[in-house]
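**Q** Questions regarding the structure given below will be posed in turn.
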Amino acid sequence: MAKKMYDTPNLDELEKGEWPSFVTGLKRLAKEKDLMVDLLGQLETSYKTRKGYWKGGTVGVFGYGGGVIPRFTELKDENGQPVYKDAAEFHTLRVMPPPGMHYDTGTLRQFCDIWEKHGSGLIAFHGQSGDIMFQGCSTENVQKAFDEINEMGFDLGGAGPAVRTSMSCVGAARCEQSCYDEAQAHRAVLNTFLDDLHRPSLPYKFKFKFSGCPNDCMNAIQRSDMAVIGTWRDNIRSDEALAKKWFAKHGMDELVNDVVARCPTKTFQVKELKKIKKGEHITSVAVSDTHGVEIDNQDCVRCMHCINVMTGALAPGKDKGASVLVGGKSHLKIGGLMGTVVIPFMKLDTEEQVEKLVDFAQRTIDFFAENALEHERTGEMIERIGLANFLDAMELDVDPAMINSPRMNPYVRTDGWDDEVAKIKAKKQAA
Amino acid sequence: MNAPVQMRKPKETGVPDNKKYLHPLLAKNYGNWKYHDRPRPGVLHHVSHSGDEVWSVRAGTQRQMDVYTIRTLCDIADKFAEGRVRFTIRSNIEFMVSEEKKVAPLIAELEKHGFPVGGTGNSVTMIAHTQGWLHCDIPGTDASGVVKALMDELVDEFKREEMPNRVHLSTSCCEINCGGQADIAIIVQHTKPPVINHDLVANVCERPAVVARCPVAAIRPAMVNGKPSLEIDESKCMCCGACYPPCPPMQINDPENSKLAIWVGGKNSNARGKPTFMKMVASGYPNNAPRWPEVSEAVKNIIRVYKEDARPWERMADWIDRIGWPRFFEKTGLPFTKYLIDDWRGSRYNLNASTHIRF
Ligand code: HEM
Ligand code: SF4
Ligand code: SF4
Ligand code: SF4
Ligand code: SF4
């Protein structure tokens with residue numbers, strides 16, 4: 001039994017309504033823990049004054065430089081003493097999830113037992129970067145909680161100027177659109193950088209994210225310094241039985257308005273069966289006895305739309321792999337940036353192929369560590385030095401798939417033009 | 001004297017293998033799925049090339065979960081889902097079941113315990129959630145409370161699939177925007193420059209770091225009352241709050257003047273058009289804890305107009321592409337003010353350099 005709870009009229013309002021209430025959860029925990037009684041006291045104060053009362057500090061576990069987010073209360077009385085002393089320390093442990101965020105109940109229950117014993121009993125599944133966030137722990141108990149979580153086979157995530165925790169989509173485990181083994185790539189890459197993850201010493205944070213197809217369920221292009229996004233090179237596959245089933249249910253209006261009209265390059269057409277083209281790059285499938293779909297795959301940008309609408313009837317090709325984009329980030333400080341294609345396609349079927357991705361990640365991080373200014377993200381660094389210089393350093397060949405359009409201004413010195421053309425020719429001949 | 005404490009060295013195991021956590025049917029059909037459909041909102045039915053079928057039931061959670069809630073979810077998983085669950089990026093929980101006949105009782109059990117079932121397909125799914133007053137050191141508002149208040153209002157749309165396309169929401173309790181890009185986002189927007197607590201600057205701030213952090217170079221080192229401090233050129237400051245994390249005495253949060261803004265049209269996927277960033281369409285909503293009714297009403301209004309007006313498969317961004325910004329503002333009734341005209345770097349790309357004008 002914990003001490004008596006404070007009145008929390010503001011928070012009580014958040015117990016109303018149908019959506020599961022975190023306040024109800026906090027109160028349940030406060031029945032047993034003074035820490036949570038005081039946490040509710042401070043949070044209620046924030047609701048009244050509309051101010052936050054946490055400050056950072058330094059708390060960690062032995063051997064690591066990051067992964068714990070320290071929180072000390074700043075809500076003090078006139079003598080400088082914490083108003084809610086039992087919640088004066090309320091640190092978070094960031095713990096990396098398994099790819100795809102799958103769990104068995106044994107593991108979850110064990111997490112609960114550990115966190116009930118050493119922490120507040122409040123766990124977030126998951127933070128926006130993907131961590132399991134064990135929230136609310138005293139400085140003294142951080143190490144104890146970590147030791148037990150670590151013994152279960154889980155490890156701390158990133159914080160500060162470090163490689164950060166990563167996320168991968170459900171992908172191959174349960175999604176027909178998956179174009180590579182997201183979990184394998186996720187682990188191979190992240191587990192190469194554990195030193196950079198646990199001991200922050202980069203210019204700033206570096207995030208990886210892994211999506212199995214261009215639907216990008218992990219929002220990788222907008223949120224990660226390196227986005228690995230599944231795609232394919234050959235033709236969209238089709239299944240006539242499922243195509244006919246789809247058409248029988250949805251009809252011509254939907255096929256035309258929802259798919260044909262929405263194909264971004266208009267390569268998706270519906271035609272009378274006898275007019276459908278044949279050829280190496282053509283996908284075709286009948287949807288009825290009279291009509292069918294024709295896709296010229298050379299004009300398809302692998303956007304996924306038709307496949308999403310007619311899932312199963314259409315599917316990604318067989319020659320699968322991934323595109324890699326570099327430099328995505330959120331607002332601060334120069335505004336949001338999306339990643340830029342730097343590897344239009346790479347295979348990721350075998351361990352050796354995945355190793356190539358790891359090698360590229362390694363070289364990118366090395367270059368970032370050496371060349372980024374303090375507090376500069378990869379995208380900002382590339383904006384400062386120019387993509388061409390980055391590609392050069394990464395020994396990547398330039399490719400028109402990397403741009404929206406060639407430059408629109410003449411402000412460039414081109415005295416190396418002939419040499420570049422000669423190099424490209426020589427490379428072509430050697431290939 | 002105490003004996004030196006032997007510290008345990010961490011096992012640097014990194015990202016754990018997920019194979020042992022997969023539902024048996026997911027493990028068996030890994031990389032071999034053929035298609036899926038949605039027999040009802042909240043349920044995905046996946047069919048493998050092997051002929052195996054699996055039903056996934058998706059439910060909303062409060063994300064910030066107490067151990068009792070987690071244990072309840074575990075009990076449900078043990079009873080129906082072979083003891084396996086997974087979480088989505090938006091903190092929904094999914095239970096995989098191997099027989100169709102378990103779906104209805106599983107849904108009943110979830111609903112009995114207060115977990116709404118939905119969030120699939122063209123629904124309004126759970127809001128991407130940040131930290132707020134509960135745990136961040138720089139928040140202008142709460143996160144969990146905003147999410148809870150808004151989801152109470154949107155829960156019916158979570159349980160249905162009646163939107164033109166999926167609707168992703170996010171909230172961010174400062175302009176750093178941990179919540180990310182979304183169809184509709186609510187983000188704190190400060191309206192006054194930081195008030196500097198000069199007594200503290202000398203002690204806690206690395207002044208060059210703060211000066212460097214300002215995107216518009218509005219901060220200068222200065223001596224105040226004989227002590228090294230900072231001053232702000234208030235004519236330059238655009239109130240972004242970037243100086244606050246490295247220097248807490250730069251107090252940007254203000255109960256009255258920290259407002260909420262609404263952004264729309266962020267699209268993560270490459271489907272149809274390329275991914276898009278969201279755009280600010282309204283600001284000035286009060287930070288009105290505990291239930292933020294003003295901003296919540298505004299979001300509901302945008303959702304209502306989108307639902308009525310957009311065509312099937314149009315995400316918020318696609319819809320606005322078709323109808324154009326003038327009609328977006330007209331239909332939603334939101335005032336278009338001069339503050340919505342971009343003047344940051346690259347802003348001219350956001351201006352209309354054509355006579356493409358809708359009347
Ligand atoms: C100063 C205190 C800050 C706190 C307490 C904080 C807190 C958080 C937390 C808890 C998360 C989720 C992390 C997880 O899943 O493990 C997060 C994500 C994020 N943070 Fe922060 N953050 C801070 C500063 C910043 C700054 C300075 C930036 C950017 C300049 C930033 C940008 C982001 C972004 C973009 C995400 C989402 C990441 C993603 O989508 O992967 N944060 N933040
Ligand atoms: S990103 Fe693609 S492969 Fe991954 S879960 Fe989403 S749709 Fe499936
Ligand atoms: S995947 Fe290709 S064919 Fe299908 S809609 Fe997108 S661009 Fe068109
Ligand atoms: S959005 Fe800002 S206030 Fe909210 S959790 Fe992220 S850094 Fe903290
Ligand atoms: S709020 Fe932003 S613009 Fe204003 S001084 Fe701070 S960093 Fe500079």
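Identifiers in the structure tokens: chain A, B, ... in order shown; residue index from 1 per chain; ligand index from 1 in order shown.
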Which protein, DNA or RNA residues have an atom within 8 Å of ligand 1, counting only C-alpha atoms and all ligand atoms, as number ranges by chain?
**A** A: 69, 94-95, 126-133, 157-159, 165-167, 207, 209, 219, 223-224, 329-333; B: 130-131, 135-138, 176-180, 242, 245-246
**Q** Could you give me, as a list in words, the residues within 10 Å of B:Ile93, counting only C-alpha atoms and dropping anything in the same chain fewer than 6 positions from it?
**A**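 So the residues in contact are Met101, His102 and Phe125 of chain A; Ser56, Val57, Arg58, Ala59, Gly60, Thr61, Arg63, Leu73, Val85, Arg86, Phe87, Phe115, Val117 and Gly119 of chain B.
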**Q** Got a sec to check which residues lie within 7 Å of ligand 3, using only C-alpha atoms and all ligand atoms, and send them as a PyMOL selection string?
**A** (chain A and resi 259+262-268+295+297+300-307) or (chain B and resi 271-272)
**Q** Restricting the calculation to only C-alpha atoms: of A:Asp289, A:Glu254, A:Asp225, A:Glu151, which residue gets closest to B:Trp313?
**A**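 Nearest to B:Trp313: A:Glu254.
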**Q** Between B:Thr171, B:Gln189, B:Ser235, B:Ser283, which one has atoms that come closest to ligand 4, using only C-alpha atoms and all ligand atoms?
**A**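 Nearest to ligand 4: B:Thr171.
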**Q** Write out as a PyMOL selection string all residues of stretch 138-278 of chain A that DSSP puts in strand (DSSP E or B) for this structure's backbone.
**A** chain A and resi 156+163+167-168+206+208-211+226-232+237-238+268-272
**Q** Residues at most 10 Å from B:Val201, counting only C-alpha atoms, excluding those fewer than 5 positions away in the same chain, as an MDAnalysis selection string?
**A** chainID B and resid 196 206:207 227:230 247:250
**Q** Excluding same-chain residues fewer than 4 positions from B:His113, what lies within 12 Å of it counting only C-alpha atoms, as a PyMOL selection string?
**A** (chain A and resi 18-21) or (chain B and resi 59-61+68-73+75-76+106-109+117)
**Q** Let's have the selection written as a short mmCIF file (atom, residue, chain, number, x, y, z; two decimals), in the first residue's frame, with all heavy atoms.
**A**
data_model
loop_
_atom_site.label_atom_id
_atom_site.label_comp_id
_atom_site.auth_asym_id
_atom_site.auth_seq_id
_atom_site.Cartn_x
_atom_site.Cartn_y
_atom_site.Cartn_z
N GLU A 18 -13.84 6.73 -24.03
CA GLU A 18 -13.75 5.32 -24.37
C GLU A 18 -12.33 4.81 -24.56
O GLU A 18 -12.05 3.64 -24.38
CB GLU A 18 -14.57 5.11 -25.65
CG GLU A 18 -14.83 3.66 -25.95
CD GLU A 18 -15.70 3.47 -27.18
OE1 GLU A 18 -16.46 4.39 -27.54
OE2 GLU A 18 -15.61 2.39 -27.78
N TRP A 19 -11.42 5.69 -24.99
CA TRP A 19 -10.07 5.22 -25.29
C TRP A 19 -9.38 4.79 -23.99
O TRP A 19 -9.59 5.42 -22.95
CB TRP A 19 -9.26 6.34 -25.97
CG TRP A 19 -8.03 5.80 -26.62
CD1 TRP A 19 -6.76 5.86 -26.12
CD2 TRP A 19 -7.96 5.09 -27.84
NE1 TRP A 19 -5.90 5.22 -26.97
CE2 TRP A 19 -6.60 4.73 -28.03
CE3 TRP A 19 -8.89 4.69 -28.80
CZ2 TRP A 19 -6.16 4.01 -29.15
CZ3 TRP A 19 -8.46 3.97 -29.90
CH2 TRP A 19 -7.11 3.64 -30.07
N PRO A 20 -8.57 3.72 -24.03
CA PRO A 20 -7.88 3.30 -22.80
C PRO A 20 -7.13 4.47 -22.16
O PRO A 20 -6.47 5.23 -22.85
CB PRO A 20 -6.90 2.23 -23.28
CG PRO A 20 -7.47 1.72 -24.58
CD PRO A 20 -8.22 2.88 -25.18
N SER A 21 -7.27 4.61 -20.86
CA SER A 21 -6.73 5.79 -20.18
C SER A 21 -5.42 5.48 -19.48
O SER A 21 -5.36 4.60 -18.61
CB SER A 21 -7.74 6.30 -19.16
OG SER A 21 -7.13 7.28 -18.34
N ALA B 59 -5.85 -3.89 -31.90
CA ALA B 59 -6.57 -3.11 -30.88
C ALA B 59 -5.75 -1.91 -30.47
O ALA B 59 -4.52 -1.93 -30.53
CB ALA B 59 -6.87 -3.99 -29.66
N GLY B 60 -6.45 -0.88 -30.03
CA GLY B 60 -5.77 0.32 -29.57
C GLY B 60 -5.33 0.17 -28.12
O GLY B 60 -5.99 -0.50 -27.33
N THR B 61 -4.21 0.78 -27.79
CA THR B 61 -3.76 0.82 -26.40
C THR B 61 -3.46 2.27 -26.03
O THR B 61 -3.44 3.14 -26.89
CB THR B 61 -2.46 0.03 -26.18
OG1 THR B 61 -1.35 0.78 -26.72
CG2 THR B 61 -2.51 -1.33 -26.83
N TYR B 68 -0.31 -3.82 -15.05
CA TYR B 68 -1.58 -4.57 -14.98
C TYR B 68 -2.24 -4.66 -16.36
O TYR B 68 -2.79 -5.69 -16.74
CB TYR B 68 -2.52 -3.93 -13.96
CG TYR B 68 -1.87 -3.70 -12.62
CD1 TYR B 68 -1.49 -2.42 -12.21
CD2 TYR B 68 -1.58 -4.78 -11.79
CE1 TYR B 68 -0.86 -2.22 -10.98
CE2 TYR B 68 -0.94 -4.59 -10.56
CZ TYR B 68 -0.59 -3.30 -10.17
OH TYR B 68 0.05 -3.11 -8.97
N THR B 69 -2.17 -3.55 -17.09
CA THR B 69 -2.72 -3.56 -18.44
C THR B 69 -1.96 -4.56 -19.31
O THR B 69 -2.55 -5.34 -20.06
CB THR B 69 -2.63 -2.15 -19.05
OG1 THR B 69 -3.40 -1.26 -18.25
CG2 THR B 69 -3.14 -2.12 -20.48
N ILE B 70 -0.64 -4.53 -19.21
CA ILE B 70 0.17 -5.43 -20.04
C ILE B 70 -0.16 -6.88 -19.70
O ILE B 70 -0.29 -7.73 -20.58
CB ILE B 70 1.67 -5.14 -19.85
CG1 ILE B 70 1.98 -3.70 -20.28
CG2 ILE B 70 2.53 -6.13 -20.66
CD1 ILE B 70 3.38 -3.24 -19.91
N ARG B 71 -0.32 -7.15 -18.42
CA ARG B 71 -0.62 -8.54 -18.02
C ARG B 71 -2.00 -8.96 -18.54
O ARG B 71 -2.20 -10.11 -18.93
CB ARG B 71 -0.54 -8.69 -16.51
CG ARG B 71 0.91 -8.66 -16.03
CD ARG B 71 0.99 -8.77 -14.51
NE ARG B 71 2.36 -8.63 -14.04
CZ ARG B 71 2.73 -7.87 -13.01
NH1 ARG B 71 1.80 -7.22 -12.31
NH2 ARG B 71 3.99 -7.80 -12.65
N THR B 72 -2.95 -8.04 -18.54
CA THR B 72 -4.27 -8.36 -19.10
C THR B 72 -4.13 -8.73 -20.58
O THR B 72 -4.71 -9.70 -21.05
CB THR B 72 -5.23 -7.16 -18.95
OG1 THR B 72 -5.30 -6.81 -17.58
CG2 THR B 72 -6.61 -7.48 -19.48
N LEU B 73 -3.35 -7.92 -21.29
CA LEU B 73 -3.15 -8.21 -22.71
C LEU B 73 -2.46 -9.57 -22.89
O LEU B 73 -2.76 -10.32 -23.82
CB LEU B 73 -2.32 -7.09 -23.37
CG LEU B 73 -3.05 -5.74 -23.49
CD1 LEU B 73 -2.07 -4.61 -23.81
CD2 LEU B 73 -4.15 -5.80 -24.55
N ASP B 75 -2.75 -12.14 -20.82
CA ASP B 75 -3.76 -13.18 -20.55
C ASP B 75 -4.58 -13.44 -21.82
O ASP B 75 -4.87 -14.59 -22.16
CB ASP B 75 -4.72 -12.73 -19.43
CG ASP B 75 -4.02 -12.68 -18.07
OD1 ASP B 75 -2.93 -13.27 -17.94
OD2 ASP B 75 -4.57 -12.01 -17.15
N ILE B 76 -4.95 -12.36 -22.49
CA ILE B 76 -5.76 -12.51 -23.71
C ILE B 76 -4.96 -13.23 -24.78
O ILE B 76 -5.46 -14.13 -25.47
CB ILE B 76 -6.24 -11.12 -24.19
CG1 ILE B 76 -7.15 -10.47 -23.13
CG2 ILE B 76 -6.98 -11.23 -25.53
CD1 ILE B 76 -7.56 -9.03 -23.44
N LEU B 106 -12.16 -13.38 -29.49
CA LEU B 106 -11.02 -12.54 -29.14
C LEU B 106 -11.42 -11.06 -29.12
O LEU B 106 -11.09 -10.32 -28.19
CB LEU B 106 -9.86 -12.79 -30.13
CG LEU B 106 -8.68 -11.81 -30.10
CD1 LEU B 106 -8.05 -11.71 -28.72
CD2 LEU B 106 -7.62 -12.25 -31.11
N ILE B 107 -12.17 -10.68 -30.15
CA ILE B 107 -12.64 -9.29 -30.21
C ILE B 107 -13.52 -8.98 -29.00
O ILE B 107 -13.36 -7.94 -28.34
CB ILE B 107 -13.40 -9.03 -31.53
CG1 ILE B 107 -12.43 -9.07 -32.70
CG2 ILE B 107 -14.13 -7.69 -31.48
CD1 ILE B 107 -13.07 -9.00 -34.06
N ALA B 108 -14.41 -9.91 -28.67
CA ALA B 108 -15.29 -9.70 -27.53
C ALA B 108 -14.48 -9.53 -26.25
O ALA B 108 -14.75 -8.64 -25.42
CB ALA B 108 -16.27 -10.87 -27.39
N GLU B 109 -13.47 -10.34 -26.09
CA GLU B 109 -12.63 -10.28 -24.89
C GLU B 109 -11.88 -8.93 -24.81
O GLU B 109 -11.80 -8.31 -23.75
CB GLU B 109 -11.61 -11.44 -24.94
CG GLU B 109 -10.75 -11.58 -23.72
CD GLU B 109 -11.43 -12.35 -22.59
OE1 GLU B 109 -12.61 -12.74 -22.75
OE2 GLU B 109 -10.77 -12.55 -21.55
N VAL B 117 -11.19 -2.24 -30.92
CA VAL B 117 -10.63 -3.02 -32.02
C VAL B 117 -10.81 -2.22 -33.31
O VAL B 117 -11.91 -1.75 -33.60
CB VAL B 117 -11.33 -4.39 -32.12
CG1 VAL B 117 -10.93 -5.14 -33.38
CG2 VAL B 117 -10.99 -5.22 -30.88
#
**Q** Just want the 8 Å neighbourhood of stretch 382-384 of chain A, counted on only C-alpha atoms, with same-chain residues fewer than 4 positions away dropped. Output as a PyMOL selection string.
**A** chain A and resi 327+378+390
**Q** B:Leu154: which residues within 10 Å, counting only C-alpha atoms, same-chain residues fewer than 2 positions away excluded, as a list in words?
**A** Glu18 and Trp19 of chain A; Ser123, Val124, Thr125, Met126, Lys148, Ala149, Leu150, Met151, Asp152, Asp156, Glu157, Phe158, Lys159, Ser296, Val299, Lys300 and Ile303 of chain B
**Q** 9 Å from ligand 2 is the threshold here; counting only C-alpha atoms and all ligand atoms, which polymer residues fall inside it? Answer as a ChimeraX atom specification.
**A** /A:100,168-180,182,210-219,229-230,304,308 /B:269
**Q** Save out the residues we just selected, C-alpha atoms, as a tab-separated table (two decimals), in the first residue's frame.
**A**
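Now in selection.tsv:
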chain	number	residue	atom	x	y	z
A	100	GLY	CA	8.93	-6.09	-36.10
A	168	SER	CA	11.76	-2.48	-39.08
A	169	CYS	CA	8.29	-3.24	-40.36
A	170	VAL	CA	6.40	-6.50	-39.86
A	171	GLY	CA	7.53	-7.33	-43.38
A	172	ALA	CA	8.48	-10.88	-44.24
A	173	ALA	CA	6.90	-12.15	-41.03
A	174	ARG	CA	3.39	-11.28	-42.19
A	175	CYS	CA	3.28	-9.00	-45.19
A	176	GLU	CA	3.05	-10.12	-48.79
A	177	GLN	CA	4.71	-6.92	-50.01
A	178	SER	CA	8.01	-7.58	-48.27
A	179	CYS	CA	10.99	-7.40	-50.64
A	180	TYR	CA	13.82	-8.42	-48.32
A	182	GLU	CA	13.95	-6.70	-42.87
A	210	PHE	CA	14.00	-0.61	-42.51
A	211	SER	CA	10.81	-0.87	-44.56
A	212	GLY	CA	10.11	-3.92	-46.66
A	213	CYS	CA	8.52	-2.10	-49.59
A	214	PRO	CA	7.83	1.42	-50.90
A	215	ASN	CA	4.76	1.71	-48.66
A	216	ASP	CA	7.43	2.58	-46.10
A	217	CYS	CA	5.40	1.70	-43.04
A	218	MET	CA	8.36	2.79	-40.89
A	219	ASN	CA	8.28	6.33	-42.35
A	229	ILE	CA	13.37	0.36	-48.50
A	230	GLY	CA	12.46	-2.84	-50.28
A	304	MET	CA	2.85	0.17	-54.78
A	308	ASN	CA	-2.12	-2.14	-52.57
B	269	SER	CA	4.33	6.16	-48.30
**Q** So what do you get for atom CA of A:Gln269 versus atom CA of A:Asp239, distance-wise?
**A**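 If I compute the distance from atom CA of A:Gln269 to atom CA of A:Asp239, I get 16.5 Å.
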**Q** Produce as a VMD selection string the set of residues near ligand 5, where near means within 12 Å with only C-alpha atoms and all ligand atoms considered.
**A** (chain A and resid 331 to 334) or (chain B and resid 174 to 176 189 to 196 209 to 221 230 to 253 258)
**Q** As an exercise, work out the distance from atom CA of A:Ala426 to atom CA of A:Val342 in Å and give it to one decimal place.
**A**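 It comes out at 21.7 Å.
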**Q** Please extract the residues of stretch 60-269 of chain B with a backbone DSSP assignment of helix (DSSP H, G or I) and present them as a PyMOL selection string.
**A** chain B and resi 67-80+100-112+132-135+144-159+198-204+207-213
**Q** Let's have the selection written as an mmCIF file, in the first residue's frame, with C-alpha atoms.
**A**
data_model
loop_
_atom_site.group_PDB
_atom_site.id
_atom_site.type_symbol
_atom_site.label_atom_id
_atom_site.label_comp_id
_atom_site.auth_asym_id
_atom_site.auth_seq_id
_atom_site.Cartn_x
_atom_site.Cartn_y
_atom_site.Cartn_z
ATOM 1 C CA VAL B 67 2.012 -3.568 -15.767
ATOM 2 C CA TYR B 68 -1.577 -4.573 -14.981
ATOM 3 C CA THR B 69 -2.722 -3.564 -18.440
ATOM 4 C CA ILE B 70 0.167 -5.435 -20.045
ATOM 5 C CA ARG B 71 -0.622 -8.542 -18.024
ATOM 6 C CA THR B 72 -4.274 -8.362 -19.103
ATOM 7 C CA LEU B 73 -3.148 -8.213 -22.713
ATOM 8 C CA CYS B 74 -0.869 -11.191 -22.046
ATOM 9 C CA ASP B 75 -3.762 -13.175 -20.554
ATOM 10 C CA ILE B 76 -5.759 -12.506 -23.705
ATOM 11 C CA ALA B 77 -2.834 -13.539 -25.899
ATOM 12 C CA ASP B 78 -2.360 -16.739 -23.921
ATOM 13 C CA LYS B 79 -6.007 -17.595 -24.262
ATOM 14 C CA PHE B 80 -6.460 -16.852 -27.965
ATOM 15 C CA GLU B 100 -11.136 -17.912 -37.932
ATOM 16 C CA LYS B 101 -13.486 -19.083 -35.214
ATOM 17 C CA LYS B 102 -11.260 -17.506 -32.556
ATOM 18 C CA VAL B 103 -11.597 -14.033 -34.062
ATOM 19 C CA ALA B 104 -15.020 -13.095 -32.705
ATOM 20 C CA PRO B 105 -14.400 -14.283 -29.129
ATOM 21 C CA LEU B 106 -11.016 -12.541 -29.138
ATOM 22 C CA ILE B 107 -12.637 -9.292 -30.206
ATOM 23 C CA ALA B 108 -15.294 -9.695 -27.526
ATOM 24 C CA GLU B 109 -12.627 -10.281 -24.890
ATOM 25 C CA LEU B 110 -10.635 -7.201 -25.981
ATOM 26 C CA GLU B 111 -13.714 -5.018 -25.962
ATOM 27 C CA LYS B 112 -14.747 -6.356 -22.588
ATOM 28 C CA GLY B 132 5.103 15.666 -23.007
ATOM 29 C CA TRP B 133 4.823 16.687 -19.371
ATOM 30 C CA LEU B 134 5.010 13.091 -18.260
ATOM 31 C CA HIS B 135 8.590 12.704 -19.261
ATOM 32 C CA SER B 144 -0.450 11.252 -23.545
ATOM 33 C CA GLY B 145 -3.271 13.548 -22.486
ATOM 34 C CA VAL B 146 -3.661 15.126 -25.901
ATOM 35 C CA VAL B 147 -3.659 11.702 -27.518
ATOM 36 C CA LYS B 148 -6.200 10.339 -25.048
ATOM 37 C CA ALA B 149 -8.512 13.353 -25.402
ATOM 38 C CA LEU B 150 -8.389 13.220 -29.184
ATOM 39 C CA MET B 151 -8.756 9.453 -29.481
ATOM 40 C CA ASP B 152 -11.864 9.640 -27.284
ATOM 41 C CA GLU B 153 -13.307 11.882 -29.968
ATOM 42 C CA LEU B 154 -12.105 9.747 -32.861
ATOM 43 C CA VAL B 155 -12.650 6.275 -31.493
ATOM 44 C CA ASP B 156 -15.632 5.622 -33.759
ATOM 45 C CA GLU B 157 -13.493 6.324 -36.809
ATOM 46 C CA PHE B 158 -10.823 4.044 -35.328
ATOM 47 C CA LYS B 159 -13.373 1.232 -35.221
ATOM 48 C CA HIS B 198 19.906 35.475 -16.425
ATOM 49 C CA ASP B 199 20.711 34.175 -12.948
ATOM 50 C CA LEU B 200 20.923 30.664 -14.273
ATOM 51 C CA VAL B 201 22.687 31.157 -17.595
ATOM 52 C CA ALA B 202 26.132 31.601 -16.103
ATOM 53 C CA ASN B 203 25.842 28.310 -14.214
ATOM 54 C CA VAL B 204 24.216 25.924 -16.593
ATOM 55 C CA ARG B 207 26.956 29.743 -24.265
ATOM 56 C CA PRO B 208 28.653 29.086 -27.654
ATOM 57 C CA ALA B 209 26.547 25.951 -28.103
ATOM 58 C CA VAL B 210 23.317 27.878 -27.581
ATOM 59 C CA VAL B 211 24.415 30.692 -29.868
ATOM 60 C CA ALA B 212 25.203 28.133 -32.574
ATOM 61 C CA ARG B 213 21.871 26.369 -32.150
#
**Q** Between B:Glu297, B:Glu308, B:Glu162, B:Asp318, single out the one closest to chain A, counting only C-alpha atoms.
**A**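 Using only C-alpha atoms, the shortest distance to chain A belongs to B:Asp318.
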**Q** So which residues touch A:Arg28 within 10 Å, counting only C-alpha atoms, skipping near sequence neighbours fewer than 5 positions away, as a ChimeraX atom specification?
**A** /A:22-23,33,36-37,121 /B:66-69
